[in-house]
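Below: model37.tsv (TSV, C-alpha atoms and all ligand atoms)
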```tsv
chain	number	residue	atom	x	y	z
U	1	MET	CA	-142.75	134.40	-211.67
U	2	ALA	CA	-144.53	137.18	-213.44
U	3	LEU	CA	-142.56	139.48	-215.67
U	4	CYS	CA	-141.69	142.77	-214.04
U	5	ALA	CA	-143.47	141.87	-210.86
U	6	PRO	CA	-143.79	144.82	-208.51
U	7	ALA	CA	-141.94	144.52	-205.23
U	8	LYS	CA	-144.40	142.76	-202.98
U	9	GLU	CA	-144.52	142.65	-199.23
U	10	GLY	CA	-144.67	138.87	-199.19
U	11	ASN	CA	-141.77	138.31	-201.53
U	12	THR	CA	-138.34	137.28	-200.41
U	13	ILE	CA	-135.46	139.51	-201.48
U	14	TYR	CA	-134.47	136.83	-203.98
U	15	GLU	CA	-137.95	136.73	-205.49
U	16	ASP	CA	-137.98	140.48	-205.92
U	17	ILE	CA	-134.57	140.49	-207.55
U	18	LEU	CA	-135.39	137.64	-209.91
U	19	GLY	CA	-138.81	139.11	-210.66
U	20	ALA	CA	-137.30	142.44	-211.64
U	21	LEU	CA	-135.04	140.68	-214.10
U	22	GLY	CA	-138.02	139.00	-215.70
U	23	GLY	CA	-137.39	135.57	-214.23
U	24	ALA	CA	-134.86	132.97	-215.28
U	25	GLU	CA	-134.76	134.11	-218.88
U	26	GLY	CA	-133.86	137.64	-217.92
U	27	GLU	CA	-131.22	136.41	-215.54
U	28	ARG	CA	-129.69	134.29	-218.29
U	29	ARG	CA	-129.55	137.34	-220.52
U	30	LEU	CA	-127.88	139.51	-217.93
U	31	ALA	CA	-125.62	137.01	-216.20
U	32	TYR	CA	-121.98	137.37	-217.12
U	33	LYS	CA	-122.91	140.33	-219.29
U	34	ALA	CA	-120.24	142.94	-218.89
U	35	ALA	CA	-121.79	146.22	-217.91
U	36	GLU	CA	-120.47	149.39	-219.47
U	37	ASP	CA	-118.08	149.66	-216.56
U	38	GLY	CA	-116.73	146.17	-217.23
U	39	SER	CA	-118.27	144.52	-214.19
U	40	ILE	CA	-119.83	141.06	-214.22
U	41	LEU	CA	-123.25	140.38	-212.77
U	42	SER	CA	-122.88	137.48	-210.36
U	43	GLU	CA	-125.16	135.72	-207.90
U	44	LEU	CA	-128.08	137.56	-209.48
U	45	ASP	CA	-127.32	140.97	-208.06
U	46	MET	CA	-123.64	141.61	-207.39
U	47	LYS	CA	-121.66	143.50	-209.96
U	48	LEU	CA	-118.13	142.20	-209.55
U	49	SER	CA	-115.06	143.70	-211.11
U	50	PRO	CA	-113.17	141.16	-213.24
U	51	GLU	CA	-110.62	140.96	-210.45
U	52	GLN	CA	-113.26	140.34	-207.81
U	53	TYR	CA	-114.87	137.73	-210.01
U	54	GLN	CA	-111.58	136.03	-210.69
U	55	HIS	CA	-110.84	136.04	-207.02
U	56	LEU	CA	-114.16	134.65	-205.85
U	57	TYR	CA	-114.70	132.14	-208.62
U	58	ASN	CA	-111.25	131.35	-210.03
U	59	THR	CA	-112.53	131.39	-213.57
U	60	PRO	CA	-111.69	128.04	-215.19
U	61	GLY	CA	-109.14	128.43	-217.95
U	62	ALA	CA	-108.16	131.91	-216.91
U	63	VAL	CA	-104.55	132.57	-217.69
U	64	VAL	CA	-104.11	135.17	-215.01
U	65	LYS	CA	-102.87	133.74	-211.78
U	66	ARG	CA	-105.27	134.43	-208.99
U	67	LYS	CA	-104.25	137.58	-207.26
U	68	PHE	CA	-105.10	138.50	-203.77
U	69	TYR	CA	-107.47	141.27	-204.44
U	70	ARG	CA	-109.60	142.08	-201.52
U	71	THR	CA	-113.20	141.68	-202.57
U	72	ALA	CA	-114.41	144.94	-201.18
U	73	LYS	CA	-113.10	148.38	-200.48
U	74	LYS	CA	-114.47	150.46	-197.66
U	75	TRP	CA	-116.07	153.86	-197.90
U	76	THR	CA	-113.95	156.65	-196.53
U	77	ASN	CA	-114.88	157.88	-193.06
U	78	ASN	CA	-118.01	155.67	-193.11
U	79	ILE	CA	-119.70	158.19	-195.38
U	80	VAL	CA	-121.54	157.13	-198.53
U	81	PRO	CA	-122.45	160.07	-200.80
U	82	TYR	CA	-125.35	159.44	-203.14
U	83	THR	CA	-127.31	160.81	-206.06
U	84	MET	CA	-130.45	159.49	-207.74
U	85	ASP	CA	-132.10	159.73	-211.12
U	86	GLY	CA	-135.54	161.17	-211.84
U	87	SER	CA	-137.28	157.82	-211.56
U	88	PHE	CA	-137.19	158.19	-207.79
U	89	ALA	CA	-139.38	161.29	-207.77
U	90	ASN	CA	-142.16	159.29	-206.16
U	91	HIS	CA	-139.91	156.76	-204.44
U	92	LYS	CA	-137.53	158.93	-202.47
U	93	HIS	CA	-139.17	157.82	-199.26
U	94	ILE	CA	-138.28	154.19	-199.98
U	95	LEU	CA	-134.62	155.03	-200.49
U	96	GLN	CA	-134.75	157.17	-197.38
U	97	GLN	CA	-136.27	154.34	-195.33
U	98	GLY	CA	-133.47	152.01	-196.39
U	99	MET	CA	-130.69	154.51	-195.77
U	100	ASP	CA	-132.16	155.71	-192.47
U	101	HIS	CA	-132.47	152.14	-191.26
U	102	ILE	CA	-128.79	151.42	-191.94
U	103	SER	CA	-127.70	154.73	-190.40
U	104	GLN	CA	-129.77	154.14	-187.28
U	105	LYS	CA	-128.21	150.73	-186.70
U	106	THR	CA	-124.62	151.36	-187.74
U	107	CYS	CA	-122.07	154.16	-188.01
U	108	ILE	CA	-122.65	154.49	-191.77
U	109	LYS	CA	-123.89	157.87	-192.95
U	110	PHE	CA	-125.51	158.56	-196.29
U	111	VAL	CA	-125.19	162.11	-197.55
U	112	PRO	CA	-126.39	163.76	-200.75
U	113	ARG	CA	-123.35	164.08	-202.98
U	114	THR	CA	-121.79	167.47	-203.47
U	115	THR	CA	-118.30	167.16	-204.94
U	116	GLN	CA	-117.16	163.77	-203.65
U	117	ARG	CA	-115.32	161.68	-206.21
U	118	ASN	CA	-116.71	158.33	-205.07
U	119	TYR	CA	-120.46	157.95	-204.69
U	120	ILE	CA	-123.42	155.74	-205.46
U	121	HIS	CA	-126.04	156.65	-208.00
U	122	PHE	CA	-129.49	155.13	-207.55
U	123	GLN	CA	-130.93	154.55	-210.98
U	124	ASN	CA	-133.71	152.80	-212.81
U	125	GLY	CA	-131.35	150.27	-214.36
U	126	GLU	CA	-131.94	146.68	-215.28
U	127	GLY	CA	-132.66	144.49	-212.27
U	128	CYS	CA	-131.78	145.13	-208.64
U	129	ASN	CA	-128.02	145.06	-208.24
U	130	SER	CA	-124.98	146.78	-206.82
U	131	HIS	CA	-121.22	146.70	-206.91
U	132	LEU	CA	-119.46	145.01	-204.03
U	133	GLY	CA	-117.94	147.64	-201.79
U	134	MET	CA	-116.72	151.05	-202.80
U	135	TYR	CA	-115.92	150.70	-206.47
U	136	GLY	CA	-114.55	154.10	-207.22
U	137	GLY	CA	-116.07	157.03	-209.06
U	138	ARG	CA	-119.80	157.01	-209.71
U	139	GLN	CA	-121.17	153.53	-209.07
U	140	ALA	CA	-124.70	152.62	-209.98
U	141	VAL	CA	-127.12	150.88	-207.65
U	142	ASN	CA	-129.77	149.62	-210.02
U	143	LEU	CA	-133.25	149.56	-208.54
U	144	GLN	CA	-135.55	148.84	-211.43
U	145	ASN	CA	-139.02	150.29	-211.38
U	146	PRO	CA	-141.16	148.34	-210.86
U	147	GLY	CA	-139.66	145.41	-209.04
U	148	CYS	CA	-136.94	146.73	-206.77
U	149	ARG	CA	-138.58	149.61	-204.98
U	150	SER	CA	-138.95	148.17	-201.49
U	151	LYS	CA	-137.10	148.97	-198.30
U	152	GLY	CA	-135.73	145.42	-198.02
U	153	THR	CA	-134.28	145.44	-201.50
U	154	VAL	CA	-132.72	148.85	-200.91
U	155	VAL	CA	-131.12	147.61	-197.68
U	156	HIS	CA	-129.89	144.42	-199.37
U	157	GLU	CA	-128.30	146.24	-202.31
U	158	LEU	CA	-126.78	148.87	-200.03
U	159	GLY	CA	-125.41	145.95	-198.02
U	160	HIS	CA	-123.47	144.90	-201.12
U	161	ALA	CA	-122.36	148.49	-201.70
U	162	LEU	CA	-120.95	148.48	-198.17
U	163	GLY	CA	-119.07	145.26	-198.91
U	164	LEU	CA	-121.37	142.56	-197.58
U	165	VAL	CA	-121.57	139.32	-199.55
U	166	HIS	CA	-124.33	136.72	-199.62
U	167	GLU	CA	-124.93	134.99	-196.32
U	168	HIS	CA	-125.90	131.64	-197.84
U	169	GLN	CA	-122.42	131.36	-199.39
U	170	LEU	CA	-120.49	131.87	-196.16
U	171	PRO	CA	-118.07	129.04	-195.43
U	172	ASP	CA	-119.69	128.36	-192.06
U	173	ARG	CA	-123.24	128.24	-193.41
U	174	LYS	CA	-125.55	125.86	-191.61
U	175	ILE	CA	-127.56	124.84	-194.63
U	176	ARG	CA	-127.55	122.03	-197.13
U	177	ILE	CA	-127.98	122.83	-200.80
U	178	GLU	CA	-130.21	120.46	-202.74
U	179	TYR	CA	-128.29	120.69	-205.98
U	180	ASN	CA	-130.70	118.43	-207.86
U	181	ASN	CA	-133.24	121.23	-207.67
U	182	VAL	CA	-130.86	124.01	-208.64
U	183	ALA	CA	-130.80	125.05	-212.29
U	184	PRO	CA	-127.41	123.88	-213.64
U	185	GLN	CA	-126.34	127.32	-214.79
U	186	TRP	CA	-126.91	128.68	-211.29
U	187	ARG	CA	-125.19	125.98	-209.25
U	188	MET	CA	-121.99	127.97	-208.94
U	189	TRP	CA	-123.89	130.73	-207.17
U	190	PHE	CA	-124.08	128.39	-204.20
U	191	ASP	CA	-120.34	127.82	-204.04
U	192	PRO	CA	-119.20	128.72	-200.56
U	193	TYR	CA	-116.69	131.55	-200.48
U	194	LYS	CA	-113.22	130.69	-199.35
U	195	THR	CA	-112.37	131.66	-195.82
U	196	TYR	CA	-109.38	133.68	-196.91
U	197	ASP	CA	-111.56	135.87	-199.12
U	198	LEU	CA	-113.66	136.97	-196.21
U	199	ASP	CA	-113.53	138.92	-193.06
U	200	GLN	CA	-116.48	137.76	-191.03
U	201	THR	CA	-115.08	139.82	-188.15
U	202	GLY	CA	-115.78	136.94	-185.83
U	203	VAL	CA	-119.50	136.97	-186.64
U	204	GLY	CA	-120.88	133.60	-187.70
U	205	TYR	CA	-123.41	132.63	-190.34
U	206	ASP	CA	-126.93	133.85	-189.59
U	207	MET	CA	-130.14	132.59	-191.16
U	208	THR	CA	-131.89	135.88	-190.49
U	209	SER	CA	-129.42	138.03	-192.43
U	210	ILE	CA	-130.88	140.40	-194.99
U	211	MET	CA	-128.12	139.10	-197.28
U	212	HIS	CA	-129.60	135.57	-197.29
U	213	TYR	CA	-131.57	134.34	-200.28
U	214	GLY	CA	-134.76	132.36	-199.76
U	215	LEU	CA	-135.40	128.63	-199.58
U	216	TYR	CA	-136.22	128.34	-203.27
U	217	ALA	CA	-133.43	130.51	-204.63
U	218	PHE	CA	-132.03	129.45	-208.01
U	219	SER	CA	-134.50	126.61	-208.29
U	220	GLY	CA	-134.70	125.12	-211.75
U	221	ASN	CA	-137.73	122.93	-211.15
U	222	GLY	CA	-139.64	124.75	-208.44
U	223	GLY	CA	-138.25	122.51	-205.72
U	224	GLN	CA	-136.61	123.73	-202.55
U	225	THR	CA	-132.90	124.45	-202.91
U	226	ILE	CA	-131.85	125.52	-199.42
U	227	HIS	CA	-132.45	123.36	-196.37
U	228	ALA	CA	-131.50	124.40	-192.88
U	229	LEU	CA	-129.44	121.76	-191.10
U	230	ASP	CA	-131.66	122.45	-188.12
U	231	LYS	CA	-135.09	121.94	-189.63
U	232	SER	CA	-136.82	123.68	-186.73
U	233	LYS	CA	-135.10	126.95	-187.67
U	234	GLU	CA	-135.68	126.79	-191.41
U	235	TYR	CA	-138.54	129.27	-191.32
U	236	LEU	CA	-136.05	131.96	-190.29
U	237	ILE	CA	-134.39	131.86	-193.71
U	238	ASN	CA	-137.39	133.29	-195.47
U	239	GLY	CA	-138.31	135.44	-192.54
U	240	ASN	CA	-136.29	138.62	-192.92
U	241	ARG	CA	-137.37	140.74	-195.82
U	242	SER	CA	-136.67	144.29	-194.80
U	243	VAL	CA	-134.15	144.90	-192.04
U	244	LEU	CA	-130.53	144.28	-191.10
U	245	SER	CA	-130.20	141.35	-188.74
U	246	LYS	CA	-128.13	141.65	-185.57
U	247	SER	CA	-125.27	139.89	-187.36
U	248	ASP	CA	-125.45	142.26	-190.36
U	249	ILE	CA	-125.26	145.20	-187.97
U	250	ASP	CA	-122.35	143.67	-186.07
U	251	VAL	CA	-120.34	143.01	-189.24
U	252	ILE	CA	-120.87	146.53	-190.62
U	253	ASN	CA	-119.98	148.09	-187.31
U	254	ASN	CA	-116.94	145.85	-186.87
U	255	ILE	CA	-115.66	146.67	-190.33
U	256	TYR	CA	-116.40	150.37	-190.32
U	257	CYS	CA	-116.36	151.39	-186.71
U	258	GLY	CA	-114.35	149.12	-184.52
U	259	GLY	CA	-112.40	147.05	-186.98
U	260	THR	CA	-108.75	146.90	-187.72
U	261	GLY	CA	-108.73	150.09	-189.73
U	262	THR	CA	-106.92	148.34	-192.54
U	263	GLY	CA	-108.92	150.19	-195.14
U	264	THR	CA	-110.02	147.26	-197.26
U	265	GLY	CA	-112.81	144.88	-196.63
U	266	THR	CA	-111.99	141.23	-196.57
U	267	GLY	CA	-109.61	138.64	-195.33
U	268	THR	CA	-109.77	135.95	-192.74
U	269	VAL	CA	-109.62	136.93	-189.13
U	270	THR	CA	-106.72	134.81	-188.08
U	271	THR	CA	-105.60	134.18	-184.57
U	272	ASN	CA	-103.24	131.25	-185.12
U	273	CYS	CA	-99.78	131.82	-186.48
U	274	THR	CA	-100.43	130.15	-189.79
U	275	ASP	CA	-100.66	130.94	-193.48
U	276	ASN	CA	-104.02	130.58	-195.16
U	277	ASP	CA	-102.82	130.39	-198.71
U	278	LYS	CA	-100.23	128.17	-200.32
U	279	ASP	CA	-98.77	131.15	-202.15
U	280	CYS	CA	-97.98	133.11	-198.99
U	281	THR	CA	-94.26	132.45	-199.05
U	282	TYR	CA	-94.08	133.45	-202.71
U	283	TRP	CA	-96.01	136.66	-202.07
U	284	ALA	CA	-93.87	137.41	-199.01
U	285	ASN	CA	-90.74	137.01	-201.13
U	286	GLN	CA	-92.23	139.48	-203.61
U	287	GLY	CA	-92.28	142.07	-200.87
U	288	HIS	CA	-96.06	142.22	-200.50
U	289	CYS	CA	-95.98	141.97	-196.71
U	290	ASN	CA	-95.10	145.61	-196.44
U	291	SER	CA	-96.58	147.11	-199.58
U	292	SER	CA	-99.34	149.59	-198.82
U	293	THR	CA	-101.68	147.86	-201.24
U	294	TYR	CA	-101.33	144.33	-200.00
U	295	ARG	CA	-100.31	144.64	-196.40
U	296	PRO	CA	-103.92	144.51	-195.10
U	297	PHE	CA	-104.48	141.26	-196.95
U	298	MET	CA	-101.11	139.81	-196.09
U	299	SER	CA	-101.45	140.70	-192.40
U	300	GLN	CA	-104.51	138.52	-192.18
U	301	THR	CA	-103.81	135.77	-194.69
U	302	CYS	CA	-100.06	135.30	-194.52
U	303	ARG	CA	-99.22	136.08	-190.93
U	304	LYS	CA	-96.62	133.38	-190.67
U	305	ALA	CA	-94.82	134.05	-193.96
U	306	CYS	CA	-94.74	137.76	-193.16
U	307	ARG	CA	-93.59	137.09	-189.59
U	308	PHE	CA	-96.47	139.13	-188.23
U	309	CYS	CA	-96.97	136.64	-185.42
H	1	ZN	ZN	-127.57	140.22	-203.22
```
Using structure tokens, write down the structure from this file.
Ligand SMILES: [Zn+2]
Amino acid sequence: MALCAPAKEGNTIYEDILGALGGAEGERRLAYKAAEDGSILSELDMKLSPEQYQHLYNTPGAVVKRKFYRTAKKWTNNIVPYTMDGSFANHKHILQQGMDHISQKTCIKFVPRTTQRNYIHFQNGEGCNSHLGMYGGRQAVNLQNPGCRSKGTVVHELGHALGLVHEHQLPDRKIRIEYNNVAPQWRMWFDPYKTYDLDQTGVGYDMTSIMHYGLYAFSGNGGQTIHALDKSKEYLINGNRSVLSKSDIDVINNIYCGGTGTGTGTGTVTTNCTDNDKDCTYWANQGHCNSSTYRPFMSQTCRKACRFC
């Protein structure tokens, strides 16, 4: 992987992201590094708040009991205001292509920011990365130049900003990870998310998602790291480099347009009258079933304890 490789047509999203960081060494330097806003770079390109990180990865040795933070907040009224720095003078069309694509396929609208409090700021930061969901205030989407200035990378990072997580970590993924080929420090980035952290809105894992890394992602020795369980479909994993897949579109539209209107992004879609976390009774006794902050989470994760079913 060449240092500061320009975004190439033939690259997978993962290769572009890693290339922009300057390969494995750059990733090592940036990983876990707290940004000025206190976020933690995870999975190569997601800036997680400490709470989101704690939630998704249950940091070993952490003294704070895992709380039921939702991993993503939604944008109000499906509108994402944006600004950009001067480095996009010659690249506005690439941003526009990415935003137009998402707007054409979903109910999300991107508008130049006027006075909105919460907005994204496209900047020539280090690597290609984004916060997960609406973070609050001005949140940077880093699209390093060169390296991250392609439509596919813009769509992928905006996917994170809208609250989408990585497809290859979904609990219902139909892939096998060849851990022997994965660099040890990156193995955790293949941990499947827990079902109760996610709202897949009834949409299953999809190899063609723009949020899926390629077959050689996080390889430590050059060997293949992701294998499709159905070998005949494996080519699909590296196939999508620039557009939302049908499943990406469905999830965004379910969450933002036809979803439950709960206002926060994640949580298992539960149809059975069960609890999906051993702490549900405890949380219910704390009064979280009806608190405005936690009710969306509790109504999906602790339906039984809260007597919502
Ligand atoms: Zn990503």
Separation of atom CA of U:His156 from atom CA of U:His93, in Å and rounded to one decimal: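 Separation between atom CA of U:His156 and atom CA of U:His93: 16.3 Å.
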Nearby residues (only C-alpha atoms) at most 12 Å from U:Tyr179, same-chain spacing under 5 positions excluded, as a list in words: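 The residues satisfying every condition are Pro184, Gln185, Trp186, Arg187, Met188, Trp189, Phe190, Asp191, Tyr216, Ala217, Phe218, Ser219, Gly220, Asn221, Gly223, Gln224, Thr225, Ile226 and His227 of chain U.
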Sorted by chain and rising residue number, which residues of stretch 122-197 of chain U lie within 9 Å of stretch 18-22 of chain U, and what are their closest atom pairs and distances in Å to one decimal, counting all atoms listed in the file, as CSV?
```
residue,atom,partner,partner_atom,distance
U:Glu126,CA,U:Leu21,CA,6.9
U:Gly127,CA,U:Leu21,CA,4.9
U:Cys128,CA,U:Ala20,CA,6.8
U:Leu143,CA,U:Ala20,CA,8.8
U:Gln144,CA,U:Ala20,CA,6.6
U:Asn145,CA,U:Ala20,CA,8.0
U:Pro146,CA,U:Ala20,CA,7.1
U:Gly147,CA,U:Ala20,CA,4.6
U:Cys148,CA,U:Ala20,CA,6.5
```
Proximity to ligand ZN 1 (chain H) - best of U:His55, U:Lys278, U:Lys74, U:Lys47, only C-alpha atoms and all ligand atoms: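 Using only C-alpha atoms and all ligand atoms, ligand ZN 1 (chain H) sits closest to U:Lys47.
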Contacts of ligand ZN 1 (chain H), 6 Å or closer, only C-alpha atoms and all ligand atoms, given as a PyMOL selection string: chain U and resi 45-46+166
Point-to-point distance from atom CA of U:Ala72 to atom CA of U:Lys194, Å rounded to tenths: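 We find that atom CA of U:Ala72 and atom CA of U:Lys194 lie 14.4 Å from each other.
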Separation of atom CA of U:His212 from atom CA of U:Gly10 in Å: 15.5 Å
Give me, as a Markdown table, the closest atom pair and its distance (Å, one decimal) for every residue of stretch 41-140 of chain U within a cut-off of 7 Å of stretch 238-258 of chain U, counting all atoms listed in the file, rows sorted by chain and rising number.
```
| residue | atom | partner | partner_atom | distance |
| --- | --- | --- | --- | --- |
| U:Asn78 | CA | U:Tyr256 | CA | 6.2 |
| U:Lys105 | CA | U:Ile249 | CA | 6.4 |
| U:Thr106 | CA | U:Asn253 | CA | 5.7 |
| U:Cys107 | CA | U:Asn253 | CA | 6.5 |
```
Selected residue, from U:Arg117, U:Arg28, U:Arg173, U:His101, that lies nearest to U:Leu158 when counting all atoms listed in the file: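 For U:Leu158, the nearest of the candidates is U:His101.
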Point (-123.3, 125.9, -193.9), cut-off 12 Å, counting all atoms listed in the file, residues as number ranges by chain: U: 167-177, 190-193, 204-207, 226-230
Nearest to U:His160, chosen from U:Glu43, U:Asp100, U:Glu15, U:Asp277, with only C-alpha atoms counted in the distances: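 Closest candidate: U:Glu43.
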Of the listed residues U:Ser103, U:Asn142, U:Gln286, U:Ser209, that which approaches U:Met84 most closely, counting only C-alpha atoms: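 The closest residue to U:Met84 is U:Asn142.
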